file target35.cif (mmCIF, N, CA and C atoms and all ligand atoms)
data_data
#
loop_
_atom_site.label_atom_id
_atom_site.label_comp_id
_atom_site.auth_asym_id
_atom_site.auth_seq_id
_atom_site.Cartn_x
_atom_site.Cartn_y
_atom_site.Cartn_z
N MET A 57 172.14 109.81 49.70
CA MET A 57 171.33 108.75 49.09
C MET A 57 171.12 109.04 47.61
N GLU A 58 171.22 108.02 46.81
CA GLU A 58 170.96 108.15 45.37
C GLU A 58 169.47 108.45 45.16
N ILE A 59 169.19 109.47 44.33
CA ILE A 59 167.79 109.81 44.04
C ILE A 59 167.37 109.11 42.75
N ARG A 60 166.26 108.42 42.81
CA ARG A 60 165.70 107.85 41.56
C ARG A 60 164.52 108.69 41.12
N ILE A 61 164.37 108.78 39.83
CA ILE A 61 163.28 109.57 39.26
C ILE A 61 162.18 108.63 38.77
N VAL A 62 160.96 108.98 39.08
CA VAL A 62 159.79 108.32 38.48
C VAL A 62 159.17 109.33 37.52
N VAL A 63 158.88 108.89 36.32
CA VAL A 63 158.27 109.79 35.35
C VAL A 63 156.85 109.33 35.05
N GLY A 64 155.89 110.27 35.18
CA GLY A 64 154.50 110.01 34.80
C GLY A 64 154.23 110.76 33.51
N GLY A 65 153.54 110.13 32.59
CA GLY A 65 153.30 110.76 31.29
C GLY A 65 151.85 111.17 31.08
N ALA A 66 151.66 112.47 30.81
CA ALA A 66 150.34 112.95 30.40
C ALA A 66 150.28 112.73 28.89
N LEU A 67 149.78 111.55 28.52
CA LEU A 67 149.77 111.13 27.11
C LEU A 67 148.54 111.71 26.44
N ILE A 68 148.80 112.59 25.47
CA ILE A 68 147.70 113.33 24.86
C ILE A 68 147.46 112.83 23.44
N HIS A 69 146.18 112.67 23.12
CA HIS A 69 145.82 112.23 21.77
C HIS A 69 144.44 112.78 21.44
N GLN A 70 144.34 113.48 20.34
CA GLN A 70 143.06 114.02 19.87
C GLN A 70 142.30 114.78 20.97
N GLY A 71 143.04 115.64 21.68
CA GLY A 71 142.40 116.52 22.65
C GLY A 71 142.04 115.90 23.98
N ARG A 72 142.47 114.64 24.19
CA ARG A 72 142.19 114.01 25.48
C ARG A 72 143.48 113.44 26.08
N VAL A 73 143.46 113.19 27.37
CA VAL A 73 144.65 112.67 28.06
C VAL A 73 144.30 111.30 28.67
N LEU A 74 145.29 110.43 28.72
CA LEU A 74 145.04 109.07 29.21
C LEU A 74 145.25 108.98 30.72
N ALA A 75 144.25 108.46 31.40
CA ALA A 75 144.38 108.15 32.83
C ALA A 75 144.39 106.64 32.98
N ALA A 76 145.20 106.15 33.93
CA ALA A 76 145.36 104.70 34.12
C ALA A 76 145.11 104.36 35.58
N ARG A 77 144.31 103.32 35.80
CA ARG A 77 143.97 102.91 37.16
C ARG A 77 144.92 101.83 37.63
N ARG A 78 145.61 102.09 38.73
CA ARG A 78 146.63 101.14 39.20
C ARG A 78 146.00 99.88 39.77
N SER A 79 146.64 98.75 39.50
CA SER A 79 146.15 97.48 40.05
C SER A 79 146.98 97.04 41.25
N ALA A 80 148.14 97.66 41.50
CA ALA A 80 149.03 97.29 42.62
C ALA A 80 150.00 98.44 42.84
N PRO A 81 150.70 98.49 43.95
CA PRO A 81 150.50 97.71 45.18
C PRO A 81 149.25 98.18 45.94
N PRO A 82 148.89 97.47 47.01
CA PRO A 82 147.62 97.74 47.69
C PRO A 82 147.43 99.19 48.12
N GLU A 83 148.52 99.90 48.51
CA GLU A 83 148.37 101.29 48.98
C GLU A 83 147.83 102.20 47.89
N VAL A 84 148.08 101.87 46.63
CA VAL A 84 147.67 102.77 45.54
C VAL A 84 146.69 102.10 44.56
N ALA A 85 146.40 100.82 44.77
CA ALA A 85 145.50 100.11 43.85
C ALA A 85 144.13 100.79 43.83
N GLY A 86 143.59 100.92 42.63
CA GLY A 86 142.27 101.54 42.47
C GLY A 86 142.33 103.03 42.19
N ARG A 87 143.48 103.65 42.49
CA ARG A 87 143.63 105.09 42.23
C ARG A 87 144.17 105.29 40.81
N TRP A 88 143.95 106.49 40.27
CA TRP A 88 144.31 106.78 38.89
C TRP A 88 145.59 107.59 38.84
N GLU A 89 146.37 107.36 37.79
CA GLU A 89 147.67 108.04 37.64
C GLU A 89 147.96 108.29 36.17
N PHE A 90 149.08 108.98 35.94
CA PHE A 90 149.63 109.10 34.60
C PHE A 90 150.64 107.96 34.46
N PRO A 91 150.43 107.07 33.48
CA PRO A 91 151.29 105.88 33.40
C PRO A 91 152.77 106.25 33.20
N GLY A 92 153.63 105.41 33.71
CA GLY A 92 155.07 105.67 33.63
C GLY A 92 155.78 104.77 34.62
N GLY A 93 156.95 105.21 35.06
CA GLY A 93 157.68 104.40 36.04
C GLY A 93 159.06 104.95 36.28
N LYS A 94 159.88 104.15 36.94
CA LYS A 94 161.21 104.61 37.38
C LYS A 94 162.20 104.60 36.22
N ALA A 95 163.03 105.65 36.19
CA ALA A 95 164.12 105.68 35.22
C ALA A 95 165.20 104.71 35.67
N GLU A 96 165.74 103.97 34.70
CA GLU A 96 166.87 103.08 34.98
C GLU A 96 168.14 103.92 34.98
N PRO A 97 169.20 103.45 35.69
CA PRO A 97 170.45 104.21 35.68
C PRO A 97 170.91 104.49 34.24
N GLY A 98 171.27 105.75 33.99
CA GLY A 98 171.78 106.13 32.66
C GLY A 98 170.70 106.53 31.67
N GLU A 99 169.44 106.32 32.03
CA GLU A 99 168.35 106.67 31.13
C GLU A 99 167.91 108.11 31.37
N SER A 100 167.57 108.83 30.31
CA SER A 100 166.99 110.16 30.49
C SER A 100 165.52 109.99 30.89
N GLU A 101 164.91 111.07 31.37
CA GLU A 101 163.49 111.00 31.74
C GLU A 101 162.64 110.67 30.51
N GLU A 102 163.00 111.27 29.37
CA GLU A 102 162.25 111.01 28.14
C GLU A 102 162.33 109.53 27.74
N GLN A 103 163.57 108.99 27.80
CA GLN A 103 163.75 107.57 27.42
C GLN A 103 162.97 106.66 28.37
N ALA A 104 163.02 106.99 29.66
CA ALA A 104 162.33 106.16 30.66
C ALA A 104 160.83 106.16 30.39
N LEU A 105 160.30 107.34 30.12
CA LEU A 105 158.85 107.44 29.89
C LEU A 105 158.45 106.66 28.63
N GLU A 106 159.20 106.86 27.56
CA GLU A 106 158.85 106.18 26.30
C GLU A 106 158.93 104.66 26.47
N ARG A 107 159.95 104.18 27.20
CA ARG A 107 160.08 102.73 27.45
C ARG A 107 158.91 102.22 28.30
N GLU A 108 158.58 102.95 29.37
CA GLU A 108 157.51 102.50 30.26
C GLU A 108 156.15 102.48 29.55
N LEU A 109 155.92 103.47 28.68
CA LEU A 109 154.63 103.49 27.98
C LEU A 109 154.52 102.33 27.00
N LEU A 110 155.65 101.93 26.44
CA LEU A 110 155.65 100.76 25.55
C LEU A 110 155.39 99.48 26.38
N GLU A 111 156.08 99.36 27.52
CA GLU A 111 155.92 98.16 28.35
C GLU A 111 154.52 98.06 28.95
N GLU A 112 154.03 99.19 29.46
CA GLU A 112 152.77 99.14 30.22
C GLU A 112 151.53 99.18 29.34
N LEU A 113 151.66 99.89 28.20
CA LEU A 113 150.46 100.12 27.38
C LEU A 113 150.58 99.57 25.96
N GLY A 114 151.80 99.20 25.56
CA GLY A 114 152.02 98.67 24.22
C GLY A 114 151.97 99.73 23.13
N VAL A 115 152.23 100.99 23.48
CA VAL A 115 152.19 102.05 22.47
C VAL A 115 153.55 102.72 22.30
N ARG A 116 153.75 103.30 21.12
CA ARG A 116 154.90 104.16 20.90
C ARG A 116 154.46 105.58 21.17
N ALA A 117 155.27 106.29 21.96
CA ALA A 117 154.91 107.65 22.34
C ALA A 117 156.18 108.48 22.34
N LYS A 118 155.99 109.81 22.25
CA LYS A 118 157.15 110.71 22.28
C LYS A 118 156.96 111.69 23.43
N ALA A 119 157.98 111.78 24.29
CA ALA A 119 157.95 112.76 25.38
C ALA A 119 158.14 114.14 24.77
N LEU A 120 157.31 115.10 25.15
CA LEU A 120 157.33 116.43 24.52
C LEU A 120 157.97 117.49 25.40
N GLU A 121 157.49 117.64 26.62
CA GLU A 121 158.02 118.69 27.51
C GLU A 121 157.74 118.32 28.96
N PRO A 122 158.66 118.70 29.86
CA PRO A 122 158.41 118.43 31.27
C PRO A 122 157.35 119.40 31.79
N LEU A 123 156.51 118.95 32.69
CA LEU A 123 155.53 119.83 33.32
C LEU A 123 156.16 120.38 34.60
N PRO A 124 155.75 121.58 35.02
CA PRO A 124 156.39 122.17 36.20
C PRO A 124 156.13 121.34 37.47
N GLY A 125 157.14 121.29 38.32
CA GLY A 125 156.97 120.66 39.64
C GLY A 125 157.72 119.35 39.76
N SER A 126 157.88 118.93 41.00
CA SER A 126 158.58 117.70 41.34
C SER A 126 158.07 117.31 42.73
N TRP A 127 157.82 116.03 42.95
CA TRP A 127 157.21 115.58 44.19
C TRP A 127 158.02 114.42 44.78
N THR A 128 158.20 114.42 46.08
CA THR A 128 158.89 113.31 46.73
C THR A 128 157.86 112.24 47.06
N VAL A 129 157.97 111.09 46.39
CA VAL A 129 157.03 109.98 46.63
C VAL A 129 157.37 109.34 47.98
N ARG A 130 158.66 109.09 48.15
CA ARG A 130 159.20 108.65 49.44
C ARG A 130 160.69 108.97 49.39
N ALA A 131 161.40 108.78 50.50
CA ALA A 131 162.82 109.15 50.52
C ALA A 131 163.54 108.50 49.35
N GLY A 132 164.23 109.32 48.56
CA GLY A 132 165.03 108.79 47.45
C GLY A 132 164.25 108.56 46.17
N LEU A 133 162.96 108.89 46.15
CA LEU A 133 162.16 108.68 44.93
C LEU A 133 161.40 109.96 44.60
N GLU A 134 161.78 110.54 43.47
CA GLU A 134 161.27 111.85 43.06
C GLU A 134 160.40 111.69 41.81
N LEU A 135 159.19 112.24 41.87
CA LEU A 135 158.23 112.10 40.77
C LEU A 135 158.18 113.36 39.92
N ARG A 136 158.26 113.18 38.61
CA ARG A 136 158.09 114.30 37.68
C ARG A 136 157.11 113.88 36.60
N PHE A 137 156.51 114.88 35.97
CA PHE A 137 155.55 114.59 34.91
C PHE A 137 156.01 115.22 33.60
N TRP A 138 155.71 114.53 32.53
CA TRP A 138 155.98 115.02 31.17
C TRP A 138 154.71 114.95 30.34
N ALA A 139 154.57 115.90 29.42
CA ALA A 139 153.56 115.75 28.38
C ALA A 139 154.14 114.82 27.33
N ALA A 140 153.28 114.00 26.74
CA ALA A 140 153.73 113.08 25.69
C ALA A 140 152.64 112.96 24.64
N GLU A 141 153.06 112.61 23.43
CA GLU A 141 152.05 112.38 22.39
C GLU A 141 152.10 110.94 21.91
N LEU A 142 150.93 110.45 21.52
CA LEU A 142 150.82 109.08 21.03
C LEU A 142 151.29 109.04 19.58
N LEU A 143 152.25 108.17 19.27
CA LEU A 143 152.72 108.05 17.89
C LEU A 143 152.00 106.90 17.19
N SER A 144 151.89 105.77 17.87
CA SER A 144 151.17 104.65 17.24
C SER A 144 150.72 103.64 18.29
N GLY A 145 149.66 102.94 17.94
CA GLY A 145 149.12 101.90 18.82
C GLY A 145 147.92 102.40 19.60
N GLU A 146 147.22 101.43 20.15
CA GLU A 146 146.03 101.69 20.97
C GLU A 146 146.40 101.22 22.39
N PRO A 147 146.39 102.14 23.37
CA PRO A 147 146.83 101.72 24.72
C PRO A 147 145.99 100.57 25.29
N GLN A 148 146.70 99.61 25.85
CA GLN A 148 146.05 98.46 26.51
C GLN A 148 146.65 98.34 27.91
N PRO A 149 145.85 97.94 28.90
CA PRO A 149 146.41 97.80 30.26
C PRO A 149 147.20 96.49 30.41
N LEU A 150 148.43 96.47 29.86
CA LEU A 150 149.23 95.24 29.82
C LEU A 150 149.86 94.89 31.15
N GLU A 151 150.25 95.92 31.92
CA GLU A 151 150.96 95.72 33.21
C GLU A 151 150.49 96.82 34.15
N ASP A 152 150.39 96.53 35.40
CA ASP A 152 150.21 97.54 36.45
C ASP A 152 148.86 98.25 36.50
N HIS A 153 148.04 98.13 35.45
CA HIS A 153 146.77 98.85 35.44
C HIS A 153 145.59 97.92 35.18
N SER A 154 144.43 98.29 35.75
CA SER A 154 143.23 97.47 35.55
C SER A 154 142.28 98.12 34.56
N GLU A 155 142.50 99.42 34.28
CA GLU A 155 141.55 100.15 33.45
C GLU A 155 142.23 101.40 32.90
N LEU A 156 141.82 101.79 31.72
CA LEU A 156 142.34 103.03 31.11
C LEU A 156 141.16 103.89 30.71
N ARG A 157 141.34 105.21 30.75
CA ARG A 157 140.28 106.13 30.29
C ARG A 157 140.89 107.34 29.62
N TRP A 158 140.37 107.72 28.47
CA TRP A 158 140.75 108.98 27.83
C TRP A 158 139.83 110.06 28.40
N LEU A 159 140.44 111.12 28.95
CA LEU A 159 139.63 112.19 29.56
C LEU A 159 139.77 113.48 28.77
N GLY A 160 138.65 114.10 28.48
CA GLY A 160 138.64 115.41 27.82
C GLY A 160 138.83 116.51 28.85
N PRO A 161 138.96 117.76 28.39
CA PRO A 161 139.26 118.87 29.31
C PRO A 161 138.27 119.01 30.47
N GLY A 162 137.00 118.69 30.23
CA GLY A 162 136.01 118.85 31.31
C GLY A 162 135.89 117.61 32.18
N GLU A 163 136.71 116.61 31.94
CA GLU A 163 136.54 115.32 32.64
C GLU A 163 137.67 114.98 33.59
N LEU A 164 138.64 115.90 33.74
CA LEU A 164 139.84 115.58 34.55
C LEU A 164 139.50 115.28 36.00
N GLY A 165 138.40 115.84 36.48
CA GLY A 165 138.03 115.62 37.88
C GLY A 165 137.18 114.38 38.10
N GLU A 166 136.98 113.60 37.05
CA GLU A 166 136.04 112.47 37.17
C GLU A 166 136.63 111.20 37.76
N VAL A 167 137.96 111.14 37.88
CA VAL A 167 138.56 109.92 38.46
C VAL A 167 139.30 110.28 39.75
N GLU A 168 139.51 109.27 40.56
CA GLU A 168 140.18 109.48 41.85
C GLU A 168 141.69 109.36 41.66
N TRP A 169 142.33 110.49 41.41
CA TRP A 169 143.76 110.53 41.12
C TRP A 169 144.57 110.28 42.38
N LEU A 170 145.81 109.78 42.18
CA LEU A 170 146.79 109.79 43.27
C LEU A 170 147.03 111.25 43.64
N GLU A 171 147.39 111.45 44.89
CA GLU A 171 147.51 112.81 45.44
C GLU A 171 148.40 113.75 44.60
N HIS A 172 149.61 113.27 44.24
CA HIS A 172 150.54 114.16 43.54
C HIS A 172 150.03 114.47 42.13
N ASP A 173 149.35 113.50 41.54
CA ASP A 173 148.84 113.69 40.18
C ASP A 173 147.80 114.81 40.15
N ARG A 174 147.05 114.90 41.24
CA ARG A 174 146.04 115.95 41.34
C ARG A 174 146.68 117.33 41.20
N ASP A 175 147.88 117.48 41.78
CA ASP A 175 148.57 118.79 41.75
C ASP A 175 148.94 119.22 40.33
N VAL A 176 149.15 118.26 39.46
CA VAL A 176 149.63 118.61 38.12
C VAL A 176 148.46 118.82 37.14
N LEU A 177 147.24 118.54 37.59
CA LEU A 177 146.09 118.63 36.68
C LEU A 177 145.91 120.02 36.04
N PRO A 178 146.16 121.13 36.76
CA PRO A 178 146.01 122.43 36.09
C PRO A 178 146.93 122.57 34.87
N HIS A 179 148.13 122.00 34.95
CA HIS A 179 149.04 122.06 33.81
C HIS A 179 148.54 121.18 32.66
N VAL A 180 147.96 120.05 33.02
CA VAL A 180 147.42 119.15 32.00
C VAL A 180 146.22 119.82 31.33
N ALA A 181 145.40 120.47 32.12
CA ALA A 181 144.23 121.18 31.56
C ALA A 181 144.69 122.25 30.58
N ARG A 182 145.78 122.92 30.92
CA ARG A 182 146.33 123.97 30.04
C ARG A 182 146.80 123.36 28.71
N LEU A 183 147.45 122.19 28.79
CA LEU A 183 147.91 121.52 27.56
C LEU A 183 146.72 121.15 26.67
N LEU A 184 145.66 120.64 27.31
CA LEU A 184 144.49 120.23 26.52
C LEU A 184 143.81 121.45 25.89
N ALA A 185 143.80 122.55 26.63
CA ALA A 185 143.15 123.77 26.13
C ALA A 185 143.94 124.34 24.95
N ARG A 186 145.27 124.15 25.02
CA ARG A 186 146.14 124.68 23.97
C ARG A 186 145.96 123.91 22.66
N GLY A 187 145.53 122.64 22.80
CA GLY A 187 145.23 121.83 21.60
C GLY A 187 146.46 121.24 20.95
N1 LIG A 201 154.07 105.73 37.37
C1 LIG A 201 153.54 106.63 38.19
N2 LIG A 201 153.81 106.51 39.52
C2 LIG A 201 153.24 107.43 40.33
C3 LIG A 201 152.40 108.46 39.86
N3 LIG A 201 151.99 109.22 40.92
C4 LIG A 201 152.55 108.69 42.02
O1 LIG A 201 152.42 109.10 43.18
N4 LIG A 201 153.33 107.59 41.67
C5 LIG A 201 154.08 106.76 42.61
C6 LIG A 201 153.51 105.37 42.75
C7 LIG A 201 154.73 104.51 43.02
O2 LIG A 201 155.01 104.58 44.42
C8 LIG A 201 155.87 105.23 42.32
C9 LIG A 201 156.17 104.70 40.93
O3 LIG A 201 156.33 103.37 40.90
P1 LIG A 201 155.98 102.48 39.62
O4 LIG A 201 155.49 101.20 40.15
O5 LIG A 201 155.12 103.19 38.62
O6 LIG A 201 157.40 102.36 38.94
P2 LIG A 201 157.98 101.09 38.17
O7 LIG A 201 156.90 100.57 37.26
O8 LIG A 201 159.30 101.49 37.57
O9 LIG A 201 158.16 100.16 39.41
P3 LIG A 201 159.00 98.90 39.81
O10 LIG A 201 158.26 97.77 39.16
O11 LIG A 201 160.40 99.15 39.34
O12 LIG A 201 158.85 98.92 41.31
O13 LIG A 201 155.42 106.60 42.16
C10 LIG A 201 152.13 108.54 38.47
O14 LIG A 201 151.39 109.43 37.97
N5 LIG A 201 152.72 107.61 37.68
#
call {"tool": "encode", "arguments": {"input": "target35.cif", "output": "C-alpha cells"}}
result
Amino acid sequence: MEIRIVVGGALIHQGRVLAARRSAPPEVAGRWEFPGGKAEPGESEEQALERELLEELGVRAKALEPLPGSWTVRAGLELRFWAAELLSGEPQPLEDHSELRWLGPGELGEVEWLEHDRDVLPHVARLLARG
C-alpha cells in the first residue's frame, strides 16, 4: 500500500507555539493539533507543511527541522511533525479550524490535544526552552 505522509507544524513565534482547534471531521472536532495536512505526490514534507500553513492559516512559514517520531494515524497514513517559524502574516482559522491559540512553555498542557500530538509535546517544550 502507498504510504501518505501527514505533516503537523509546531509553528513557533516569539517564544510561543500555535495550537489549532479542529472543526472537522466529527471524530476529531474540538480537539487541538499542530496545523498541517497531507503531502501531495512529489511534494517534500517541508513543501507540504509550508503550503498547508498558507492554505489553512494564511501565513508564510518556513519548515526548520523534523521532530523525532512518526505515528500511524490509520493504515497508509503516517504522521510526522516539524518545527516551523513564522515568516509573515497573522494566523487566521481560514479552513479546518474553529480557534487558534499561541501557547507559551508553561501552557502546553492547557488544551485537549489529539492523542499523537500529546506525544510530541516534550520535543516542542524543548524547542520553546531553547528560544
Ligand atoms: N494536520 C494534522 N493532522 C493530524 C494531527 N494529529 C493527528 O492525529 N492528525 C490526523 C487527523 C487526520 O486524520 C489526519 C490529517 O488529515 P488533515 O485533514 O489534516 O489533512 P488534509 O488537510 O490534507 O486533509 P484532506 O482534506 O486531504 O482530507 O491526521 C496534527 O497535529 N495535524
call {"tool": "residues_around", "arguments": {"input": "target35.cif", "residues": "Arg72 of chain A", "least_positions_apart": "4", "cutoff": "8 Å", "atoms": "all atoms listed in the file", "output": "MDAnalysis selection string"}}
result
chainID A and resid 66:68 157:161 184
call {"tool": "closest_atom_pairs", "arguments": {"input": "target35.cif", "of": "chain A", "to": "ligand LIG 201 (chain A)", "cutoff": "6.5 Å", "atoms": "only N, CA and C atoms and all ligand atoms", "output": "CSV"}}
result
residue,atom,partner,partner_atom,distance
A:Val62,CA,A:LIG201,C9,5.7
A:Val63,C,A:LIG201,N1,5.1
A:Gly64,CA,A:LIG201,N5,4.2
A:Gly65,N,A:LIG201,N5,5.7
A:Trp88,C,A:LIG201,O14,6.1
A:Glu89,CA,A:LIG201,O14,4.0
A:Phe90,N,A:LIG201,O14,3.1
A:Pro91,C,A:LIG201,N1,4.4
A:Gly92,C,A:LIG201,N1,3.4
A:Gly93,CA,A:LIG201,O6,3.6
A:Lys94,N,A:LIG201,O8,2.8
A:Ala95,N,A:LIG201,O8,5.8
A:Val129,CA,A:LIG201,O1,5.8
A:Leu135,CA,A:LIG201,O13,6.3
A:Leu170,CA,A:LIG201,O1,5.7
A:Glu171,N,A:LIG201,O1,5.8
A:His172,N,A:LIG201,O1,5.1
A:Asp173,N,A:LIG201,N3,5.1
call {"tool": "closest_residue", "arguments": {"input": "target35.cif", "among": "A:Val167, A:Val115, A:Leu120, A:Arg186", "to": "Glu102 of chain A", "atoms": "all atoms listed in the file"}}
result
A:Leu120
call {"tool": "select_by_dssp", "arguments": {"input": "target35.cif", "residues": "segment 57-171 of chain A", "states": "alpha helix (DSSP H)", "output": "ChimeraX atom specification"}}
result
/A:101-113,171
call {"tool": "write_last_selection", "arguments": {"input": "target35.cif", "atoms": "N, CA and C atoms", "output": "tab-separated table (two decimals), in the frame of the given file"}}
result
chain	number	residue	atom	x	y	z
A	101	GLU	N	164.91	111.07	31.37
A	101	GLU	CA	163.49	111.00	31.74
A	101	GLU	C	162.64	110.67	30.51
A	102	GLU	N	163.00	111.27	29.37
A	102	GLU	CA	162.25	111.01	28.14
A	102	GLU	C	162.33	109.53	27.74
A	103	GLN	N	163.57	108.99	27.80
A	103	GLN	CA	163.75	107.57	27.42
A	103	GLN	C	162.97	106.66	28.37
A	104	ALA	N	163.02	106.99	29.66
A	104	ALA	CA	162.33	106.16	30.66
A	104	ALA	C	160.83	106.16	30.39
A	105	LEU	N	160.30	107.34	30.12
A	105	LEU	CA	158.85	107.44	29.89
A	105	LEU	C	158.45	106.66	28.63
A	106	GLU	N	159.20	106.86	27.56
A	106	GLU	CA	158.85	106.18	26.30
A	106	GLU	C	158.93	104.66	26.47
A	107	ARG	N	159.95	104.18	27.20
A	107	ARG	CA	160.08	102.73	27.45
A	107	ARG	C	158.91	102.22	28.30
A	108	GLU	N	158.58	102.95	29.37
A	108	GLU	CA	157.51	102.50	30.26
A	108	GLU	C	156.15	102.48	29.55
A	109	LEU	N	155.92	103.47	28.68
A	109	LEU	CA	154.63	103.49	27.98
A	109	LEU	C	154.52	102.33	27.00
A	110	LEU	N	155.65	101.93	26.44
A	110	LEU	CA	155.65	100.76	25.55
A	110	LEU	C	155.39	99.48	26.38
A	111	GLU	N	156.08	99.36	27.52
A	111	GLU	CA	155.92	98.16	28.35
A	111	GLU	C	154.52	98.06	28.95
A	112	GLU	N	154.03	99.19	29.46
A	112	GLU	CA	152.77	99.14	30.22
A	112	GLU	C	151.53	99.18	29.34
A	113	LEU	N	151.66	99.89	28.20
A	113	LEU	CA	150.46	100.12	27.38
A	113	LEU	C	150.58	99.57	25.96
A	171	GLU	N	147.39	111.45	44.89
A	171	GLU	CA	147.51	112.81	45.44
A	171	GLU	C	148.40	113.75	44.60
call {"tool": "atom_distance", "arguments": {"input": "target35.cif", "atom1": "atom C of Pro147 of chain A", "atom2": "atom C of Gly132 of chain A"}}
result
28.9 Å
call {"tool": "closest_residue", "arguments": {"input": "target35.cif", "among": "A:Leu113, A:Ile59, A:Leu177, A:Ala85", "to": "Leu156 of chain A", "atoms": "only C-alpha atoms"}}
result
A:Leu113
call {"tool": "select_by_dssp", "arguments": {"input": "target35.cif", "residues": "chain A", "states": "strand (DSSP E or B)", "output": "number ranges by chain"}}
result
A: 60-69, 72-78, 88-89, 92-94, 116-122, 127-130, 133-144, 153-159, 169
call {"tool": "closest_residue", "arguments": {"input": "target35.cif", "among": "A:Ala185, A:Val176, A:Arg130, A:Glu155", "to": "Ser79 of chain A", "atoms": "all atoms listed in the file"}}
result
A:Glu155
call {"tool": "closest_residue", "arguments": {"input": "target35.cif", "among": "A:Ala80, A:Ile61, A:Val73, A:Val180", "to": "His153 of chain A", "atoms": "only C-alpha atoms"}}
result
A:Ala80
call {"tool": "atom_distance", "arguments": {"input": "target35.cif", "atom1": "atom N of Ala140 of chain A", "atom2": "atom N of Glu121 of chain A"}}
result
5.6 Å
call {"tool": "closest_residue", "arguments": {"input": "target35.cif", "among": "A:Leu74, A:Glu111, A:Lys118, A:Ala131", "to": "Met57 of chain A", "atoms": "only N, CA and C atoms"}}
result
A:Ala131
call {"tool": "atom_distance", "arguments": {"input": "target35.cif", "atom1": "atom CA of Trp138 of chain A", "atom2": "atom N of Ala104 of chain A"}}
result
10.8 Å
call {"tool": "axis_aligned_box", "arguments": {"input": "target35.cif", "around": "segment 67-85 of chain A", "padding_each_side": "4 Å", "output": "AutoDock Vina command-line options"}}
result
--center_x 146.4 --center_y 106.8 --center_z 34.4 --size_x 16.7 --size_y 27.5 --size_z 37.1
